[in-house]
Structures are given as C-alpha cells and as structure tokens.
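Next comes protein28.json, with JSON, C-alpha atoms.
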[["chain", "number", "residue", "atom", "x", "y", "z"],
["S", 621, "MET", "CA", -26.86, 33.59, 55.03],
["S", 622, "ARG", "CA", -29.39, 32.62, 52.41],
["S", 623, "ASP", "CA", -32.69, 31.03, 53.36],
["S", 624, "GLY", "CA", -33.19, 27.57, 51.77],
["S", 625, "ARG", "CA", -36.82, 28.37, 50.92],
["S", 626, "HIS", "CA", -35.69, 31.55, 49.20],
["S", 627, "ASP", "CA", -33.19, 29.57, 47.13],
["S", 628, "GLU", "CA", -35.95, 27.19, 46.07],
["S", 629, "LEU", "CA", -38.08, 30.14, 44.93],
["S", 630, "ASP", "CA", -35.10, 31.49, 43.03],
["S", 631, "LYS", "CA", -34.55, 28.08, 41.41],
["S", 632, "GLY", "CA", -38.21, 27.93, 40.39],
["S", 633, "TYR", "CA", -37.87, 31.33, 38.73],
["S", 634, "TRP", "CA", -34.70, 30.28, 36.90],
["S", 635, "ARG", "CA", -36.23, 26.99, 35.74],
["S", 636, "ALA", "CA", -39.33, 28.69, 34.35],
["S", 637, "ARG", "CA", -37.29, 31.35, 32.57],
["S", 638, "LEU", "CA", -34.75, 28.95, 31.07],
["S", 639, "THR", "CA", -37.36, 26.40, 29.99],
["S", 640, "ALA", "CA", -39.33, 29.11, 28.19],
["S", 641, "ALA", "CA", -36.18, 30.34, 26.43],
["S", 642, "ARG", "CA", -35.31, 26.81, 25.31],
["S", 643, "THR", "CA", -38.81, 26.24, 23.94],
["S", 644, "ALA", "CA", -38.53, 29.41, 21.86],
["S", 645, "LEU", "CA", -35.31, 28.33, 20.12],
["S", 646, "PRO", "CA", -35.66, 27.59, 16.39],
["S", 647, "VAL", "CA", -35.01, 24.00, 15.29],
["S", 648, "ALA", "CA", -32.16, 25.16, 13.04],
["S", 649, "THR", "CA", -30.37, 26.63, 16.08],
["S", 650, "ARG", "CA", -30.79, 23.38, 18.02],
["S", 651, "VAL", "CA", -29.36, 21.36, 15.12],
["S", 652, "SER", "CA", -26.39, 23.71, 14.77],
["S", 653, "GLU", "CA", -25.70, 23.59, 18.52],
["S", 654, "ALA", "CA", -25.91, 19.80, 18.58],
["S", 655, "ARG", "CA", -23.34, 19.59, 15.79],
["S", 656, "ALA", "CA", -21.03, 21.99, 17.63],
["S", 657, "LEU", "CA", -21.30, 19.99, 20.87],
["S", 658, "ALA", "CA", -20.51, 16.71, 19.08],
["S", 659, "GLU", "CA", -17.41, 18.38, 17.59],
["S", 660, "ALA", "CA", -16.43, 19.70, 21.04],
["S", 661, "VAL", "CA", -16.67, 16.19, 22.52],
["S", 662, "GLY", "CA", -14.55, 14.90, 19.64],
["S", 663, "ALA", "CA", -11.88, 17.49, 20.45],
["S", 664, "LEU", "CA", -11.54, 16.33, 24.07],
["S", 665, "ASP", "CA", -8.84, 13.96, 25.28],
["S", 666, "LEU", "CA", -11.34, 11.35, 26.46],
["S", 667, "PRO", "CA", -10.65, 8.89, 29.29],
["S", 668, "ALA", "CA", -11.30, 5.16, 28.95],
["S", 669, "THR", "CA", -14.85, 5.49, 30.33],
["S", 670, "VAL", "CA", -17.25, 8.40, 29.84],
["S", 671, "CYS", "CA", -20.69, 8.83, 31.40],
["S", 672, "CYS", "CA", -23.01, 10.72, 29.11],
["S", 673, "TYR", "CA", -26.75, 10.97, 28.48],
["S", 674, "VAL", "CA", -29.22, 11.07, 25.60],
["S", 675, "PRO", "CA", -30.55, 14.64, 25.29],
["S", 676, "PHE", "CA", -34.33, 14.91, 25.05],
["S", 677, "GLY", "CA", -36.82, 17.66, 24.44],
["S", 678, "THR", "CA", -35.06, 21.01, 24.20],
["S", 679, "GLU", "CA", -31.81, 19.88, 25.86],
["S", 680, "PRO", "CA", -28.71, 20.82, 23.84],
["S", 681, "GLY", "CA", -26.87, 17.95, 22.15],
["S", 682, "SER", "CA", -27.80, 14.79, 20.27],
["S", 683, "ILE", "CA", -27.09, 11.08, 20.02],
["S", 684, "ALA", "CA", -24.21, 12.00, 17.70],
["S", 685, "TRP", "CA", -21.91, 12.85, 20.61],
["S", 686, "LEU", "CA", -22.29, 9.32, 21.97],
["S", 687, "ASP", "CA", -21.00, 7.88, 18.71],
["S", 688, "VAL", "CA", -18.20, 10.45, 18.57],
["S", 689, "ALA", "CA", -17.03, 9.31, 22.02],
["S", 690, "ARG", "CA", -17.22, 5.63, 21.06],
["S", 691, "GLN", "CA", -15.32, 6.22, 17.82],
["S", 692, "ALA", "CA", -12.60, 7.90, 19.89],
["S", 693, "GLY", "CA", -12.24, 4.64, 21.82],
["S", 694, "ALA", "CA", -14.17, 5.51, 24.99],
["S", 695, "ARG", "CA", -16.58, 3.18, 26.71],
["S", 696, "VAL", "CA", -19.81, 5.16, 27.04],
["S", 697, "LEU", "CA", -22.18, 4.64, 29.98],
["S", 698, "LEU", "CA", -25.69, 6.10, 29.97],
["S", 699, "PRO", "CA", -28.08, 6.68, 32.86],
["S", 700, "VAL", "CA", -31.06, 4.47, 33.56],
["S", 701, "ILE", "CA", -33.77, 6.05, 35.72],
["S", 702, "PRO", "CA", -34.58, 3.79, 38.70],
["S", 703, "PRO", "CA", -38.13, 2.71, 39.57],
["S", 704, "GLU", "CA", -37.94, 4.61, 42.88],
["S", 705, "PRO", "CA", -36.29, 8.02, 43.48],
["S", 706, "GLY", "CA", -32.60, 7.52, 44.12],
["S", 707, "ALA", "CA", -29.24, 7.40, 42.38],
["S", 708, "LEU", "CA", -29.21, 6.63, 38.66],
["S", 709, "ASP", "CA", -28.38, 3.16, 37.40],
["S", 710, "TRP", "CA", -26.03, 2.88, 34.38],
["S", 711, "ALA", "CA", -25.68, 0.71, 31.29],
["S", 712, "GLU", "CA", -23.24, 0.69, 28.38],
["S", 713, "TYR", "CA", -24.15, 2.38, 25.10],
["S", 714, "THR", "CA", -23.29, 0.19, 22.12],
["S", 715, "GLY", "CA", -25.11, 2.04, 19.34],
["S", 716, "PRO", "CA", -28.37, 3.89, 18.59],
["S", 717, "GLN", "CA", -30.17, 0.64, 17.76],
["S", 718, "THR", "CA", -29.84, -0.43, 21.42],
["S", 719, "LEU", "CA", -31.72, 2.60, 22.81],
["S", 720, "SER", "CA", -35.32, 2.20, 23.90],
["S", 721, "PRO", "CA", -37.91, 4.34, 25.74],
["S", 722, "GLY", "CA", -37.21, 4.69, 29.44],
["S", 723, "ARG", "CA", -39.46, 5.33, 32.44],
["S", 724, "LEU", "CA", -39.90, 9.04, 31.68],
["S", 725, "PRO", "CA", -41.68, 10.10, 28.46],
["S", 726, "GLY", "CA", -39.20, 11.09, 25.74],
["S", 727, "VAL", "CA", -36.14, 9.69, 27.54],
["S", 728, "LEU", "CA", -34.15, 6.99, 25.73],
["S", 729, "GLU", "CA", -32.11, 4.49, 27.73],
["S", 730, "PRO", "CA", -29.66, 1.71, 26.80],
["S", 731, "ALA", "CA", -31.14, -1.78, 26.70],
["S", 732, "GLY", "CA", -28.00, -3.57, 27.98],
["S", 733, "PRO", "CA", -27.23, -5.05, 31.41],
["S", 734, "ARG", "CA", -27.64, -2.71, 34.39],
["S", 735, "LEU", "CA", -24.33, -1.92, 36.06],
["S", 736, "GLY", "CA", -25.59, -0.28, 39.25],
["S", 737, "PRO", "CA", -25.22, 3.27, 40.66],
["S", 738, "GLY", "CA", -21.52, 2.69, 41.44],
["S", 739, "ALA", "CA", -20.63, 2.32, 37.75],
["S", 740, "VAL", "CA", -20.25, 6.10, 37.48],
["S", 741, "ARG", "CA", -17.08, 5.69, 39.57],
["S", 742, "GLU", "CA", -15.35, 4.16, 36.53],
["S", 743, "ALA", "CA", -15.76, 7.35, 34.49],
["S", 744, "GLY", "CA", -13.02, 9.94, 34.21],
["S", 745, "LEU", "CA", -15.47, 12.32, 32.52],
["S", 746, "VAL", "CA", -19.18, 12.76, 33.30],
["S", 747, "LEU", "CA", -21.36, 14.86, 30.97],
["S", 748, "ILE", "CA", -24.39, 16.12, 32.89],
["S", 749, "PRO", "CA", -27.58, 17.76, 31.65],
["S", 750, "ALA", "CA", -28.33, 21.17, 33.14],
["S", 751, "LEU", "CA", -30.60, 24.13, 32.63],
["S", 752, "ALA", "CA", -27.76, 26.44, 33.66],
["S", 753, "VAL", "CA", -24.40, 26.49, 35.43],
["S", 754, "ASP", "CA", -22.52, 29.35, 37.01],
["S", 755, "ARG", "CA", -18.84, 30.27, 37.19],
["S", 756, "ALA", "CA", -18.48, 28.65, 40.62],
["S", 757, "GLY", "CA", -19.75, 25.33, 39.27],
["S", 758, "VAL", "CA", -23.27, 25.53, 40.72],
["S", 759, "ARG", "CA", -25.56, 23.53, 38.43],
["S", 760, "LEU", "CA", -29.29, 24.03, 38.02],
["S", 761, "GLY", "CA", -31.08, 20.84, 37.03],
["S", 762, "ARG", "CA", -34.74, 20.07, 36.50],
["S", 763, "GLY", "CA", -35.28, 19.49, 40.21],
["S", 764, "ALA", "CA", -35.75, 15.70, 40.37],
["S", 765, "GLY", "CA", -32.42, 15.24, 42.18],
["S", 766, "TYR", "CA", -31.22, 12.15, 40.28],
["S", 767, "TYR", "CA", -27.80, 13.63, 39.52],
["S", 768, "ASP", "CA", -27.35, 15.15, 42.98],
["S", 769, "ARG", "CA", -27.85, 11.65, 44.41],
["S", 770, "SER", "CA", -25.68, 10.00, 41.74],
["S", 771, "LEU", "CA", -22.60, 12.20, 41.61],
["S", 772, "GLY", "CA", -21.62, 11.26, 45.15],
["S", 773, "HIS", "CA", -20.65, 7.91, 43.61],
["S", 774, "ALA", "CA", -18.30, 9.53, 41.06],
["S", 775, "ALA", "CA", -14.54, 9.30, 41.44],
["S", 776, "ALA", "CA", -13.03, 12.21, 43.36],
["S", 777, "ASP", "CA", -10.88, 13.17, 40.37],
["S", 778, "ALA", "CA", -13.61, 12.78, 37.73],
["S", 779, "THR", "CA", -14.28, 15.79, 35.53],
["S", 780, "LEU", "CA", -17.93, 16.76, 36.03],
["S", 781, "VAL", "CA", -19.15, 18.71, 33.01],
["S", 782, "ALA", "CA", -22.47, 20.55, 32.81],
["S", 783, "VAL", "CA", -23.72, 20.83, 29.22],
["S", 784, "VAL", "CA", -25.61, 24.05, 28.52],
["S", 785, "ARG", "CA", -26.17, 26.64, 25.82],
["S", 786, "ASP", "CA", -23.83, 29.63, 25.79],
["S", 787, "ASP", "CA", -26.30, 32.01, 27.44],
["S", 788, "GLU", "CA", -27.05, 29.40, 30.13],
["S", 789, "PHE", "CA", -23.49, 29.72, 31.46],
["S", 790, "VAL", "CA", -24.21, 32.51, 33.96],
["S", 791, "GLU", "CA", -22.48, 34.54, 36.62],
["S", 792, "ARG", "CA", -24.34, 33.22, 39.69],
["S", 793, "LEU", "CA", -27.10, 30.76, 40.56],
["S", 794, "PRO", "CA", -28.80, 30.01, 43.88],
["S", 795, "ALA", "CA", -26.93, 27.20, 45.67],
["S", 796, "GLU", "CA", -27.73, 24.72, 48.43],
["S", 797, "PRO", "CA", -25.34, 22.66, 50.59],
["S", 798, "HIS", "CA", -26.20, 19.37, 48.84],
["S", 799, "ASP", "CA", -25.44, 20.73, 45.35],
["S", 800, "VAL", "CA", -22.50, 18.93, 43.71],
["S", 801, "ARG", "CA", -20.24, 21.47, 42.03],
["S", 802, "MET", "CA", -19.24, 21.05, 38.41],
["S", 803, "THR", "CA", -15.58, 21.21, 37.41],
["S", 804, "ALA", "CA", -16.24, 22.28, 33.81],
["S", 805, "VAL", "CA", -18.91, 23.43, 31.40],
["S", 806, "LEU", "CA", -19.43, 22.49, 27.74],
["S", 807, "THR", "CA", -21.26, 24.91, 25.45],
["S", 808, "PRO", "CA", -21.76, 25.02, 21.66],
["S", 809, "GLY", "CA", -19.89, 28.30, 21.22],
["S", 810, "ARG", "CA", -17.19, 28.12, 23.89],
["S", 811, "GLY", "CA", -16.52, 24.38, 23.91],
["S", 812, "PHE", "CA", -14.93, 22.99, 27.07],
["S", 813, "VAL", "CA", -14.41, 25.54, 29.84],
["S", 814, "PRO", "CA", -12.74, 24.46, 33.14],
["S", 815, "LEU", "CA", -14.28, 25.85, 36.34],
["S", 816, "THR", "CA", -12.67, 26.45, 39.71],
["S", 817, "GLY", "CA", -15.66, 26.27, 42.05],
["S", 818, "ARG", "CA", -15.41, 22.66, 43.26]]
Please go through the file and, once you have read it, give me the structure as structure tokens.
Amino acid sequence: MRDGRHDELDKGYWRARLTAARTALPVATRVSEARALAEAVGALDLPATVCCYVPFGTEPGSIAWLDVARQAGARVLLPVIPPEPGALDWAEYTGPQTLSPGRLPGVLEPAGPRLGPGAVREAGLVLIPALAVDRAGVRLGRGAGYYDRSLGHAAADATLVAVVRDDEFVERLPAEPHDVRMTAVLTPGRGFVPLTGR
C-alpha cells in the first residue's frame, strides 16, 4: 500500500517537472497544438451541454475551442473560481467579448449569471485542465483541488476528459482515494482517446 505522504511528494516532483517542460515549449508549438485541439473538439459528437475552460499560461488549448463547440450547437459552460475554496461555480460562455479577469491572475471567466456548482451535472462532456493523465485515468492537476471537489457534481455518465500534451499522457501517476478518474484524454497529436480506468 502506498503512503499518502509519499504520493504527495511524487506529485510535487511531477508538477515541477511538467511545469518546467511546459515553460520551455516554443510559442509556435503552443499555437500549433491549440489549433489541433480546436480541430479535435470540432471532430467530436458533442452533447447539448459541454463544460470547458479557458486555458491560461502554458496550458494547451485556446479560446478557439470554445467557439468551435458553440458553432457545433453546444451550450458551453465555463468555471468560475469561488471566493472560498470549494467546488467551482459555472456560467455560460456566449463569446470572447464576455470574458473578463477572474479571481486568479491570468484566468478569464464568463461575465454572465452564476449557475452554481450543480450546473456541471447538465454536461455530457467535461473538458478538464491537467498537467498529466495516466492510462488508468488518474489526473494530475495543479493541486488546488477545485476540480476534485467539483466533479462529484457531474452526471454519472458524463465523459470526463483531461486535456494534455501528447507527452503528458503517461503510463502511471501517483493516485489518492479522492482522485476522480478521467474517462478520456484529449491531446493535440492523438485527439480523443477513451480510457478504461474509471
């Protein structure tokens, strides 16, 4: 049995390594990956409601995938970071002009009415930021826990998709009992890949 403190050390190592690798990526590579991810979202058979997010910093993706989903007819919900640690709130995305700075530096959020943490339950597909994901669906986030607290509100049959770069889809990551397993991964080179770990 793995020691929880050991897993946290392992996660710290992974986070430092992956963050450094992301920082070293050339801008041209990020732009190319963002284009590929928007195309991959456009190729999906999207449900009526999709939860997504606005990538920031060195996260793969761009605002373009939000518009691709809307043009395909999906209602797009984006996360709103709450004032106190807890589950994410959600609001509908209606275009780039409605995004404004959120509570965390660099994070854009929709300016529309707040729908509450339970709004994620309406989504058949949830795109989730990650630093890495493994073949069993274990996701490594930044460590704030917003998504771990939020995904418990998702529908049982929702497709939970970690979005990572190709080399961030790895064989095995340290896992803890509270980790919510992903059911798929989306990468620039491989597109949508179903997982069997959940």
Separation of atom CA of S:Val813 from atom CA of S:Gly738 in Å: 26.6 Å
Nearest residue to S:Glu791 from the set S:Asp709, S:Asp754, S:Asp777, S:Asp768 (distances using all atoms listed in the file):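 The answer is S:Asp754, which sits nearest to S:Glu791.
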Interatomic distance, atom CA of S:Ala658 to atom CA of S:Trp685 (Å, one decimal):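 Straight-line distance from atom CA of S:Ala658 to atom CA of S:Trp685 works out to 4.4 Å.
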Selected residue of minimal separation from S:Val784 among S:Arg734, S:Lys631, S:Arg637, S:Arg810, counting all atoms listed in the file: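 Smallest distance to S:Val784 is found for S:Arg810.
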Nearest-residue call for S:Pro749, choices S:Ala731, S:Ala795, S:Leu771, S:Val674, using all atoms listed in the file: S:Val674
Residue nearest S:Pro730 - candidates S:Thr803, S:Cys672, S:Leu747, S:Gly677, atoms counted: only C-alpha atoms: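 Smallest distance to S:Pro730 is found for S:Cys672.
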Counting all atoms listed in the file, the residue of S:Val696, S:Leu638, S:Val790, S:Leu657 that sits nearest S:Val740: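 Of the candidates, the smallest distance to S:Val740 is held by S:Val696.
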Option closest in space to S:Gln691, from S:Leu806, S:Leu666, S:Ala707, S:Ala644 [counting all atoms listed in the file]: S:Leu666
Distance in Å - atom CA of S:His798 versus atom CA of S:Ala776: 16.0 Å
Expected residue set, 6 Å radius at (-19.6, 1.4, 30.2), all atoms listed in the file, as a ChimeraX atom specification: /S:695-697,712
Could you write out that same residue set with C-alpha atoms as a short mmCIF file (atom, residue, chain, number, x, y, z; two decimals), in the frame of the given file?
data_model
loop_
_atom_site.label_atom_id
_atom_site.label_comp_id
_atom_site.auth_asym_id
_atom_site.auth_seq_id
_atom_site.Cartn_x
_atom_site.Cartn_y
_atom_site.Cartn_z
CA ARG S 695 -16.58 3.18 26.71
CA VAL S 696 -19.81 5.16 27.04
CA LEU S 697 -22.18 4.64 29.98
CA GLU S 712 -23.24 0.69 28.38
#
Selection near S:Gly811, 10 Å with only C-alpha atoms, sequence-local residues under 2 positions removed, as a PyMOL selection string: chain S and resi 656-661+663-664+783+786+805-809+813-814
Near-S:Pro703 list (12 Å; all atoms listed in the file; drop same-chain fewer than 5 positions) as a list in words: Leu708, Asp709, Gly722, Arg723, Leu724 and Tyr766 of chain S
Residues near S:Arg801, cut-off 10 Å, only C-alpha atoms, skip fewer than 4 positions along chain, as a PyMOL selection string: chain S and resi 753-754+756-759+768+771+780-782+795+815-818
All residues 7 Å or closer to S:Thr669, all atoms listed in the file, same chain fewer than 2 positions away omitted, as a ChimeraX atom specification: /S:667,671,694-696,742-744
Generate the output file for the selected residues, C-alpha atoms, as a PDB file, in the coordinates of the input.
ATOM      1  CA  PRO S 667     -10.650   8.890  29.290  1.00  0.00           C
ATOM      2  CA  CYS S 671     -20.690   8.830  31.400  1.00  0.00           C
ATOM      3  CA  ALA S 694     -14.170   5.510  24.990  1.00  0.00           C
ATOM      4  CA  ARG S 695     -16.580   3.180  26.710  1.00  0.00           C
ATOM      5  CA  VAL S 696     -19.810   5.160  27.040  1.00  0.00           C
ATOM      6  CA  GLU S 742     -15.350   4.160  36.530  1.00  0.00           C
ATOM      7  CA  ALA S 743     -15.760   7.350  34.490  1.00  0.00           C
ATOM      8  CA  GLY S 744     -13.020   9.940  34.210  1.00  0.00           C
TER       9      GLY S 744
END
Residue contacts of S:Ala654 (7 Å, all atoms listed in the file) excluding same-chain residues fewer than 6 positions away, as a list in words: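 Neighbouring residues, sequence-local ones excluded: Pro680, Gly681 and Ser682 of chain S.
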Radius query 9 Å about (-32.8, 9.6, 42.6), atoms used: all atoms listed in the file, as a list in words: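 Output of the proximity query reads Ile701, Pro702, Glu704, Pro705, Gly706, Ala707, Leu708, Ala764, Gly765, Tyr766, Tyr767, Asp768, Arg769 and Ser770 of chain S.
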With all atoms of stretch 739-747 of chain S from the file as input, state the centre and edge lengths in Å to one decimal of the axis-aligned box that has 6 Å extra on each side, as lines of an AutoDock Vina configuration file.
center_x = -17.2
center_y = 8.6
center_z = 35.3
size_x = 20.3
size_y = 24.5
size_z = 20.6
